[in-house]
>>> print(open('data-v8.cif').read())   # mmCIF, C-alpha atoms
data_query
loop_
_atom_site.label_atom_id
_atom_site.label_comp_id
_atom_site.auth_asym_id
_atom_site.auth_seq_id
_atom_site.Cartn_x
_atom_site.Cartn_y
_atom_site.Cartn_z
CA MET A 3 -67.88 -99.48 -94.04
CA PRO A 4 -66.08 -96.20 -93.52
CA ILE A 5 -62.52 -96.44 -92.21
CA ARG A 6 -61.64 -93.49 -90.01
CA SER A 7 -58.07 -92.31 -89.79
CA PRO A 8 -56.47 -93.18 -86.44
CA LEU A 9 -54.28 -90.09 -86.75
CA PRO A 10 -55.33 -86.79 -85.19
CA ALA A 11 -55.44 -83.94 -87.64
CA ALA A 12 -52.51 -82.26 -85.92
CA ILE A 13 -50.17 -85.12 -86.81
CA ALA A 14 -51.66 -86.09 -90.17
CA ALA A 15 -48.31 -85.34 -91.83
CA LEU A 16 -49.50 -82.01 -93.16
CA LEU A 17 -46.91 -80.06 -95.11
CA CYS A 18 -47.54 -76.34 -95.72
CA ILE A 19 -44.96 -74.81 -98.04
CA SER A 20 -45.24 -71.57 -100.02
CA LEU A 21 -43.17 -70.81 -103.08
CA PRO A 22 -42.57 -67.30 -104.42
CA ALA A 23 -43.98 -65.82 -107.58
CA GLY A 24 -42.17 -66.78 -110.75
CA GLY A 25 -41.58 -70.41 -109.80
CA GLN A 26 -38.25 -72.18 -109.95
CA ASP A 27 -35.98 -73.59 -112.60
CA HIS A 28 -33.50 -76.20 -111.37
CA THR A 29 -31.86 -77.05 -114.67
CA PRO A 30 -28.35 -77.96 -113.43
CA ASP A 31 -29.24 -80.67 -110.90
CA ARG A 32 -31.82 -82.36 -113.11
CA ALA A 33 -30.21 -82.00 -116.52
CA ARG A 34 -33.39 -80.38 -117.80
CA LYS A 35 -33.62 -78.55 -121.06
CA THR A 36 -33.97 -74.87 -120.36
CA GLY A 37 -37.58 -73.73 -120.30
CA THR A 38 -39.04 -70.26 -120.57
CA ILE A 39 -40.02 -69.02 -117.11
CA ALA A 40 -42.52 -66.16 -117.28
CA PRO A 41 -41.65 -63.07 -115.22
CA THR A 42 -45.18 -62.66 -113.84
CA SER A 43 -46.64 -62.15 -110.39
CA VAL A 44 -48.11 -65.65 -110.21
CA GLY A 45 -47.25 -67.68 -107.11
CA VAL A 46 -48.51 -70.91 -105.58
CA SER A 47 -48.84 -72.41 -102.10
CA PHE A 48 -48.76 -76.17 -101.55
CA LYS A 49 -50.43 -78.17 -98.78
CA GLU A 50 -49.88 -81.92 -98.68
CA TRP A 51 -51.37 -84.62 -96.47
CA THR A 52 -50.26 -88.24 -96.06
CA VAL A 53 -53.14 -90.69 -96.58
CA PRO A 54 -54.00 -92.98 -93.63
CA THR A 55 -53.32 -96.33 -95.31
CA PRO A 56 -49.66 -96.79 -96.28
CA ARG A 57 -48.85 -97.86 -99.85
CA SER A 58 -52.32 -96.87 -101.03
CA PHE A 59 -50.89 -95.41 -104.24
CA PRO A 60 -53.46 -92.60 -104.53
CA HIS A 61 -54.13 -92.44 -108.23
CA ASP A 62 -56.73 -89.80 -109.04
CA PRO A 63 -58.07 -86.86 -107.02
CA LEU A 64 -61.54 -85.31 -107.07
CA ALA A 65 -62.43 -81.80 -105.90
CA ALA A 66 -65.95 -82.15 -104.51
CA ALA A 67 -68.55 -79.38 -104.46
CA ASP A 68 -68.46 -79.24 -100.64
CA GLY A 69 -64.72 -78.52 -100.61
CA ALA A 70 -63.65 -82.06 -99.74
CA ILE A 71 -60.90 -83.82 -101.66
CA TRP A 72 -61.57 -87.42 -102.68
CA TYR A 73 -58.97 -89.85 -103.98
CA THR A 74 -58.65 -93.45 -105.12
CA GLY A 75 -56.33 -95.64 -103.04
CA GLN A 76 -55.66 -97.97 -105.95
CA MET A 77 -53.43 -100.56 -104.27
CA ALA A 78 -55.38 -100.52 -100.97
CA SER A 79 -58.73 -100.84 -102.82
CA THR A 80 -60.09 -97.82 -100.99
CA LEU A 81 -61.76 -94.51 -101.70
CA GLY A 82 -60.72 -91.68 -99.43
CA ARG A 83 -62.17 -88.34 -98.40
CA LEU A 84 -60.06 -85.52 -96.95
CA ASP A 85 -61.45 -82.42 -95.29
CA PRO A 86 -58.70 -79.88 -96.04
CA LYS A 87 -59.99 -77.52 -93.34
CA THR A 88 -59.41 -80.01 -90.51
CA GLY A 89 -57.05 -82.57 -92.06
CA ALA A 90 -59.52 -85.35 -91.17
CA PHE A 91 -59.63 -88.43 -93.39
CA LYS A 92 -62.30 -91.05 -93.93
CA GLU A 93 -61.67 -94.11 -96.10
CA TYR A 94 -64.12 -96.57 -97.62
CA ARG A 95 -63.13 -100.07 -98.71
CA THR A 96 -64.53 -101.40 -101.96
CA LYS A 97 -67.13 -104.12 -101.67
CA THR A 98 -65.09 -106.37 -103.96
CA PRO A 99 -61.51 -106.80 -102.68
CA ASP A 100 -58.61 -105.82 -104.92
CA SER A 101 -60.80 -103.68 -107.19
CA GLY A 102 -58.01 -101.26 -108.05
CA PRO A 103 -60.09 -98.04 -107.99
CA HIS A 104 -58.62 -95.66 -110.52
CA GLY A 105 -60.60 -92.62 -111.78
CA LEU A 106 -63.25 -90.57 -109.96
CA ALA A 107 -66.31 -88.48 -110.83
CA ALA A 108 -69.09 -87.00 -108.69
CA ASP A 109 -72.75 -86.70 -109.67
CA LYS A 110 -75.09 -83.84 -108.79
CA ASP A 111 -76.33 -85.69 -105.70
CA GLY A 112 -72.85 -86.05 -104.23
CA ASN A 113 -72.39 -89.72 -105.04
CA ILE A 114 -68.82 -90.70 -105.90
CA TRP A 115 -68.32 -92.85 -108.99
CA PHE A 116 -65.12 -94.75 -109.69
CA THR A 117 -63.59 -97.08 -112.24
CA ALA A 118 -62.49 -100.44 -110.81
CA SER A 119 -59.55 -101.08 -113.10
CA PHE A 120 -58.63 -104.48 -111.64
CA GLN A 121 -62.13 -105.99 -111.59
CA GLY A 122 -63.90 -104.56 -114.65
CA TYR A 123 -66.74 -102.55 -113.16
CA ILE A 124 -67.93 -99.02 -112.46
CA GLY A 125 -68.69 -98.30 -108.81
CA LYS A 126 -71.02 -95.81 -107.14
CA LEU A 127 -70.39 -94.85 -103.52
CA ASP A 128 -73.03 -93.15 -101.38
CA PRO A 129 -70.88 -91.26 -98.84
CA LYS A 130 -73.82 -90.92 -96.43
CA THR A 131 -74.20 -94.68 -95.97
CA GLY A 132 -70.94 -96.12 -97.30
CA THR A 133 -72.96 -98.30 -99.67
CA ILE A 134 -71.32 -99.19 -102.98
CA ILE A 135 -73.24 -100.32 -106.06
CA GLU A 136 -71.27 -102.11 -108.77
CA TYR A 137 -72.08 -101.89 -112.48
CA HIS A 138 -70.12 -104.66 -114.18
CA LEU A 139 -69.15 -104.17 -117.80
CA PRO A 140 -71.18 -106.39 -120.15
CA ASP A 141 -68.20 -107.75 -122.10
CA PRO A 142 -65.77 -109.98 -120.16
CA ALA A 143 -62.99 -108.67 -122.40
CA ALA A 144 -63.62 -105.13 -121.12
CA ARG A 145 -60.76 -105.02 -118.65
CA ASP A 146 -59.19 -101.94 -117.11
CA PRO A 147 -61.93 -99.28 -116.97
CA HIS A 148 -59.86 -96.17 -116.61
CA THR A 149 -61.07 -92.54 -116.49
CA PRO A 150 -64.72 -91.43 -115.98
CA VAL A 151 -66.44 -88.12 -116.68
CA PHE A 152 -70.08 -86.95 -116.50
CA ASP A 153 -71.64 -85.01 -119.35
CA ARG A 154 -74.17 -82.22 -118.77
CA THR A 155 -77.11 -84.66 -118.98
CA GLY A 156 -75.76 -86.83 -116.16
CA VAL A 157 -74.50 -89.68 -118.36
CA LEU A 158 -71.18 -91.17 -117.31
CA TRP A 159 -68.56 -91.71 -120.01
CA PHE A 160 -65.38 -93.68 -119.42
CA THR A 161 -62.34 -95.11 -121.16
CA VAL A 162 -61.46 -98.81 -120.98
CA GLN A 163 -57.75 -98.74 -121.60
CA GLY A 164 -56.84 -102.44 -121.55
CA ALA A 165 -59.76 -103.47 -123.78
CA ASN A 166 -59.36 -100.61 -126.29
CA MET A 167 -62.93 -99.41 -125.70
CA VAL A 168 -64.93 -96.45 -124.47
CA GLY A 169 -68.12 -96.83 -122.49
CA ARG A 170 -71.33 -95.08 -121.49
CA LEU A 171 -73.33 -95.66 -118.31
CA VAL A 172 -76.81 -94.22 -117.78
CA PRO A 173 -77.24 -93.93 -113.98
CA GLN A 174 -81.05 -93.85 -114.11
CA THR A 175 -81.25 -97.30 -115.71
CA GLY A 176 -77.85 -98.83 -115.01
CA GLU A 177 -77.44 -99.50 -118.73
CA VAL A 178 -73.83 -99.84 -119.84
CA MET A 179 -72.77 -99.73 -123.49
CA LEU A 180 -69.29 -100.25 -124.89
CA GLN A 181 -67.72 -99.16 -128.17
CA PRO A 182 -64.40 -100.45 -129.58
CA VAL A 183 -61.85 -97.84 -130.62
CA PRO A 184 -61.07 -98.13 -134.37
CA THR A 185 -57.28 -97.98 -133.97
CA PRO A 186 -55.86 -101.23 -132.52
CA ASN A 187 -54.00 -100.93 -129.23
CA ALA A 188 -54.96 -97.25 -128.95
CA LEU A 189 -54.98 -97.37 -125.12
CA PRO A 190 -57.86 -94.89 -124.59
CA TYR A 191 -56.85 -92.84 -121.56
CA GLY A 192 -57.84 -89.32 -120.43
CA ILE A 193 -61.35 -88.12 -121.29
CA ALA A 194 -63.20 -84.78 -121.07
CA VAL A 195 -66.48 -83.30 -122.36
CA ASN A 196 -66.63 -80.08 -124.41
CA SER A 197 -69.20 -77.28 -124.17
CA GLY A 198 -71.45 -79.03 -126.68
CA GLY A 199 -71.63 -82.21 -124.60
CA VAL A 200 -69.27 -84.19 -126.83
CA PRO A 201 -66.75 -86.44 -125.07
CA PHE A 202 -63.15 -86.39 -126.33
CA PHE A 203 -60.42 -88.79 -125.28
CA ALA A 204 -56.69 -89.35 -125.74
CA GLU A 205 -55.27 -92.44 -127.40
CA PHE A 206 -52.12 -93.04 -125.39
CA GLY A 207 -51.08 -95.93 -127.64
CA SER A 208 -51.14 -93.84 -130.83
CA ASN A 209 -50.73 -90.27 -132.04
CA LYS A 210 -54.47 -89.66 -132.03
CA LEU A 211 -57.28 -87.93 -130.19
CA ALA A 212 -60.89 -88.97 -130.67
CA SER A 213 -64.47 -87.82 -130.09
CA ILE A 214 -67.61 -89.83 -129.36
CA ASP A 215 -71.02 -89.01 -130.78
CA PRO A 216 -73.22 -88.91 -127.62
CA ALA A 217 -76.25 -90.32 -129.46
CA THR A 218 -74.74 -93.04 -131.64
CA MET A 219 -71.41 -93.65 -129.83
CA THR A 220 -69.66 -93.37 -133.19
CA ILE A 221 -65.97 -92.59 -132.69
CA HIS A 222 -64.17 -90.05 -134.85
CA GLU A 223 -60.38 -90.07 -134.66
CA TYR A 224 -58.03 -87.13 -135.23
CA THR A 225 -54.41 -87.84 -136.14
CA LEU A 226 -51.80 -85.53 -134.66
CA PRO A 227 -49.07 -84.38 -137.06
CA ASN A 228 -46.16 -85.86 -135.09
CA PRO A 229 -46.24 -89.67 -135.44
CA GLU A 230 -44.27 -89.97 -132.19
CA SER A 231 -46.84 -88.06 -130.11
CA ARG A 232 -48.50 -90.05 -127.32
CA PRO A 233 -51.27 -87.95 -125.74
CA ARG A 234 -52.10 -89.19 -122.24
CA ARG A 235 -54.51 -86.84 -120.49
CA ILE A 236 -56.57 -83.95 -121.85
CA ALA A 237 -58.27 -80.74 -120.74
CA ILE A 238 -60.61 -78.43 -122.68
CA THR A 239 -60.57 -74.62 -122.64
CA THR A 240 -63.63 -72.40 -123.17
CA ASP A 241 -62.91 -72.19 -126.90
CA ASP A 242 -63.31 -76.00 -127.03
CA ALA A 243 -59.66 -76.52 -127.92
CA ILE A 244 -58.31 -79.87 -126.73
CA TRP A 245 -55.10 -79.56 -124.71
CA TYR A 246 -53.09 -82.71 -124.14
CA THR A 247 -49.97 -83.85 -122.35
CA ASP A 248 -47.68 -85.59 -124.82
CA TYR A 249 -46.03 -87.98 -122.40
CA ALA A 250 -43.62 -89.57 -124.88
CA GLN A 251 -42.27 -86.37 -126.43
CA GLY A 252 -42.25 -84.11 -123.38
CA HIS A 253 -44.65 -81.64 -124.96
CA LEU A 254 -47.83 -79.75 -124.18
CA GLY A 255 -50.19 -79.81 -127.15
CA ARG A 256 -53.25 -77.98 -128.43
CA PHE A 257 -55.68 -79.37 -131.00
CA ASP A 258 -58.61 -77.55 -132.60
CA PRO A 259 -61.23 -80.12 -133.71
CA ASN A 260 -62.96 -77.54 -135.92
CA THR A 261 -59.93 -76.75 -138.06
CA GLY A 262 -57.73 -79.78 -137.48
CA ASN A 263 -54.85 -77.51 -136.50
CA ALA A 264 -52.43 -78.84 -133.91
CA ARG A 265 -49.50 -77.25 -132.15
CA GLU A 266 -47.05 -78.45 -129.51
CA TRP A 267 -44.70 -76.67 -127.09
CA PRO A 268 -41.67 -78.36 -125.48
CA SER A 269 -42.22 -78.70 -121.75
CA PRO A 270 -39.66 -76.90 -119.55
CA GLY A 271 -38.38 -80.20 -118.14
CA GLY A 272 -37.30 -81.48 -121.53
CA VAL A 273 -37.96 -84.52 -123.68
CA ASN A 274 -38.03 -86.95 -120.74
CA SER A 275 -40.16 -84.76 -118.46
CA GLY A 276 -43.23 -87.01 -118.81
CA PRO A 277 -46.10 -84.47 -118.86
CA TYR A 278 -49.07 -86.22 -117.29
CA GLY A 279 -51.98 -84.85 -115.22
CA ILE A 280 -53.54 -81.65 -116.62
CA ALA A 281 -56.27 -79.18 -115.69
CA VAL A 282 -57.58 -75.78 -116.80
CA VAL A 283 -58.14 -72.80 -114.51
CA LYS A 284 -59.50 -69.64 -116.16
CA ASP A 285 -58.20 -70.86 -119.54
CA VAL A 286 -54.67 -71.25 -118.20
CA LEU A 287 -53.15 -74.73 -118.39
CA TRP A 288 -51.64 -76.46 -115.37
CA TYR A 289 -49.98 -79.86 -115.61
CA SER A 290 -47.45 -82.12 -113.94
CA GLU A 291 -44.05 -83.22 -115.18
CA SER A 292 -43.83 -86.76 -113.80
CA GLY A 293 -40.53 -87.74 -115.39
CA VAL A 294 -38.39 -85.31 -113.39
CA SER A 295 -37.42 -85.65 -109.75
CA PRO A 296 -38.97 -83.99 -107.89
CA ASN A 297 -42.08 -83.80 -110.03
CA THR A 298 -43.02 -80.28 -111.05
CA LEU A 299 -46.21 -78.29 -111.39
CA VAL A 300 -46.17 -76.33 -114.65
CA ARG A 301 -48.25 -73.32 -115.64
CA PHE A 302 -48.73 -72.35 -119.29
CA ASP A 303 -50.58 -69.21 -120.36
CA PRO A 304 -51.84 -69.57 -123.95
CA LYS A 305 -52.02 -65.79 -124.33
CA THR A 306 -48.33 -65.24 -123.68
CA GLU A 307 -47.09 -68.76 -124.50
CA LYS A 308 -44.93 -68.62 -121.38
CA PHE A 309 -44.22 -71.35 -118.83
CA GLN A 310 -43.63 -71.31 -115.09
CA THR A 311 -42.57 -74.31 -113.00
CA TRP A 312 -42.60 -75.18 -109.32
CA ASP A 313 -41.16 -78.24 -107.58
CA ILE A 314 -43.75 -80.31 -105.74
CA PRO A 315 -42.55 -80.31 -102.11
CA SER A 316 -43.02 -84.03 -101.41
CA GLY A 317 -41.48 -84.96 -104.76
CA GLY A 318 -44.84 -86.06 -106.14
CA GLY A 319 -43.93 -89.69 -106.71
CA VAL A 320 -45.61 -89.41 -110.15
CA VAL A 321 -48.55 -87.02 -110.16
CA ARG A 322 -50.93 -88.89 -112.43
CA ASN A 323 -53.91 -86.59 -112.34
CA MET A 324 -55.13 -83.24 -111.05
CA MET A 325 -58.39 -81.31 -110.96
CA ALA A 326 -59.48 -77.70 -110.54
CA THR A 327 -61.57 -76.82 -107.49
CA LYS A 328 -64.72 -74.70 -107.71
CA ASP A 329 -62.79 -71.70 -106.35
CA GLY A 330 -60.00 -71.97 -108.90
CA ASN A 331 -57.30 -73.94 -107.10
CA LEU A 332 -55.92 -77.42 -107.80
CA VAL A 333 -55.96 -80.84 -106.15
CA LEU A 334 -53.27 -83.42 -106.98
CA ALA A 335 -52.73 -87.10 -106.23
CA CYS A 336 -49.07 -87.84 -105.44
CA SER A 337 -49.06 -91.58 -106.03
CA GLY A 338 -45.61 -92.82 -105.04
CA VAL A 339 -45.40 -90.80 -101.84
CA ASP A 340 -48.95 -91.55 -100.58
CA ARG A 341 -50.00 -87.92 -100.45
CA ILE A 342 -52.83 -85.66 -101.52
CA ALA A 343 -52.05 -82.04 -102.36
CA LEU A 344 -54.04 -78.82 -102.48
CA VAL A 345 -52.42 -76.02 -104.46
CA ASP A 346 -53.55 -72.48 -103.79
CA LEU A 347 -53.10 -70.45 -106.97
CA GLN A 348 -52.33 -66.93 -105.81
#
>>> encode(input="data-v8.cif", output="structure tokens")
Amino acid sequence: MPIRSPLPAAIAALLCISLPAGGQDHTPDRARKTGTIAPTSVGVSFKEWTVPTPRSFPHDPLAAADGAIWYTGQMASTLGRLDPKTGAFKEYRTKTPDSGPHGLAADKDGNIWFTASFQGYIGKLDPKTGTIIEYHLPDPAARDPHTPVFDRTGVLWFTVQGANMVGRLVPQTGEVMLQPVPTPNALPYGIAVNSGGVPFFAEFGSNKLASIDPATMTIHEYTLPNPESRPRRIAITTDDAIWYTDYAQGHLGRFDPNTGNAREWPSPGGVNSGPYGIAVVKDVLWYSESGVSPNTLVRFDPKTEKFQTWDIPSGGGVVRNMMATKDGNLVLACSGVDRIALVDLQ
């Protein structure tokens, strides 16, 4: 059943803070390594809302086609919907308690799909009725379904981090297939689909990226040149380059699957900056530094190879994921501070 926020929109803890063009660099108080801040006209404006259920730990956001922002309340076992125009929230409890909803994806009909990381299933929520259908993974060892993504044919692909697998779910039939990752303890994590319909994912437990053949589910792994790299989440630009946040090394990376060429740039926050959630807007990379306090939003333009950074007003509390909206802005989940953010890219 839907859970409506008891808070009026006017007191829904909305923060509206604008930051000037050029961003900020607070090296002295955070002992950051000095980054290159681009002298451009780019600015951002943050809006943040506190979710209705305390200690929800909002994990992943989803920018829906109708302008709503969805999120997973992982520790509250809820899915939430925010109308950013009014500040109104609606939350839906999972049918199975303590499901630990993690990643989100929306289908063409507006249904919201999620990975239930604590209970080993993929869920489908119909927002019109509040009904949830559960698709349990066929292998009992397949624990911790993690990040989902739809391909252009409507097939749902997902990583299964704890079981070292990737999976495929066909919504029309409910069929679920799983494929083990060749590298042991690879911790398959972020996943995205390129322009040819091929899913790629990051192996957070190794220095590898991988692709999945959509027809055969054969996995092809690509080893990054730095053995210490630990790619966590990925995004794909229009040239089908794979961009990844190297969480362990504090780098932003680019990998070309066609040539095998890889390159990494030190993140402005330094080696311990913990680059994490990442998204692409008009072939410009945006990502979070989760290892600095407050967390930062970072912009990187591949054409100029310049960075800009902005502090996240609430502190972020570890921004684990972000997503571009249809009009070219960003939505963020600020886990540790129970907030959802909308970033207007000016």
>>> atom_distance(input="data-v8.cif", atom1="atom CA of A:Ser337", atom2="atom CA of A:Ala70")
18.5 Å
>>> residues_around(input="data-v8.cif", residues="A:Met219", least_positions_apart="2", cutoff="10 Å", atoms="all atoms listed in the file", output="count of residues only")
15
>>> closest_residue(input="data-v8.cif", among="A:Asn113, A:Gly338, A:Gly125, A:Tyr73", to="A:Thr96", atoms="only C-alpha atoms")
A:Gly125
>>> atom_distance(input="data-v8.cif", atom1="atom CA of A:Tyr94", atom2="atom CA of A:Thr149")
19.5 Å
>>> atom_distance(input="data-v8.cif", atom1="atom CA of A:Lys284", atom2="atom CA of A:Ala65")
16.2 Å
>>> closest_residue(input="data-v8.cif", among="A:Tyr123, A:Asp62, A:Ile135, A:Glu291", to="A:Pro147", atoms="all atoms listed in the file")
A:Tyr123
>>> residues_near_point(input="data-v8.cif", point="(-56.6, -95.7, -124.6)", cutoff="9 Å", atoms="only C-alpha atoms", output="list in words")
His148, Thr161, Val162, Gln163, Gly164, Ala165, Asn166, Met167, Val168, Val183, Asn187, Ala188, Leu189, Pro190, Tyr191, Gly192, Phe203, Ala204, Glu205, Phe206, Gly207, Ser208 and Arg234 of chain A
>>> closest_residue(input="data-v8.cif", among="A:Lys97, A:Lys305, A:Arg145, A:Arg154", to="A:Leu127", atoms="only C-alpha atoms")
A:Lys97
>>> resolve_selection(input="data-v8.cif", expression="the PyMOL selection byres ((chain A and resi 128) around 12)", output="number ranges by chain")
A: 3-4, 81, 94, 96, 108-109, 111-116, 125-127, 129-136
>>> write_last_selection(input="data-v8.cif", atoms="C-alpha atoms", output="PDB file, keeping the file's coordinate frame")
ATOM      1  CA  MET A   3     -67.880 -99.480 -94.040  1.00  0.00           C
ATOM      2  CA  PRO A   4     -66.080 -96.200 -93.520  1.00  0.00           C
ATOM      3  CA  LEU A  81     -61.760 -94.510-101.700  1.00  0.00           C
ATOM      4  CA  TYR A  94     -64.120 -96.570 -97.620  1.00  0.00           C
ATOM      5  CA  THR A  96     -64.530-101.400-101.960  1.00  0.00           C
ATOM      6  CA  ALA A 108     -69.090 -87.000-108.690  1.00  0.00           C
ATOM      7  CA  ASP A 109     -72.750 -86.700-109.670  1.00  0.00           C
ATOM      8  CA  ASP A 111     -76.330 -85.690-105.700  1.00  0.00           C
ATOM      9  CA  GLY A 112     -72.850 -86.050-104.230  1.00  0.00           C
ATOM     10  CA  ASN A 113     -72.390 -89.720-105.040  1.00  0.00           C
ATOM     11  CA  ILE A 114     -68.820 -90.700-105.900  1.00  0.00           C
ATOM     12  CA  TRP A 115     -68.320 -92.850-108.990  1.00  0.00           C
ATOM     13  CA  PHE A 116     -65.120 -94.750-109.690  1.00  0.00           C
ATOM     14  CA  GLY A 125     -68.690 -98.300-108.810  1.00  0.00           C
ATOM     15  CA  LYS A 126     -71.020 -95.810-107.140  1.00  0.00           C
ATOM     16  CA  LEU A 127     -70.390 -94.850-103.520  1.00  0.00           C
ATOM     17  CA  PRO A 129     -70.880 -91.260 -98.840  1.00  0.00           C
ATOM     18  CA  LYS A 130     -73.820 -90.920 -96.430  1.00  0.00           C
ATOM     19  CA  THR A 131     -74.200 -94.680 -95.970  1.00  0.00           C
ATOM     20  CA  GLY A 132     -70.940 -96.120 -97.300  1.00  0.00           C
ATOM     21  CA  THR A 133     -72.960 -98.300 -99.670  1.00  0.00           C
ATOM     22  CA  ILE A 134     -71.320 -99.190-102.980  1.00  0.00           C
ATOM     23  CA  ILE A 135     -73.240-100.320-106.060  1.00  0.00           C
ATOM     24  CA  GLU A 136     -71.270-102.110-108.770  1.00  0.00           C
TER      25      GLU A 136
END
>>> residues_around(input="data-v8.cif", residues="A:Val345", least_positions_apart="3", cutoff="6 Å", atoms="only C-alpha atoms", output="ChimeraX atom specification")
/A:47-48,331-332
>>> residues_around(input="data-v8.cif", residues="A:Asn263", least_positions_apart="4", cutoff="12 Å", atoms="only C-alpha atoms", output="VMD selection string")
chain A and resid 224 to 227 243 to 245 255 to 259
>>> closest_residue(input="data-v8.cif", among="A:Gln348, A:Ser290, A:Thr98, A:Ser269", to="A:Met325", atoms="all atoms listed in the file")
A:Ser290
>>> resolve_selection(input="data-v8.cif", expression="the PyMOL selection byres ((chain A and resi 198) around 10)", output="ChimeraX atom specification")
/A:153-154,195-197,199-201,242
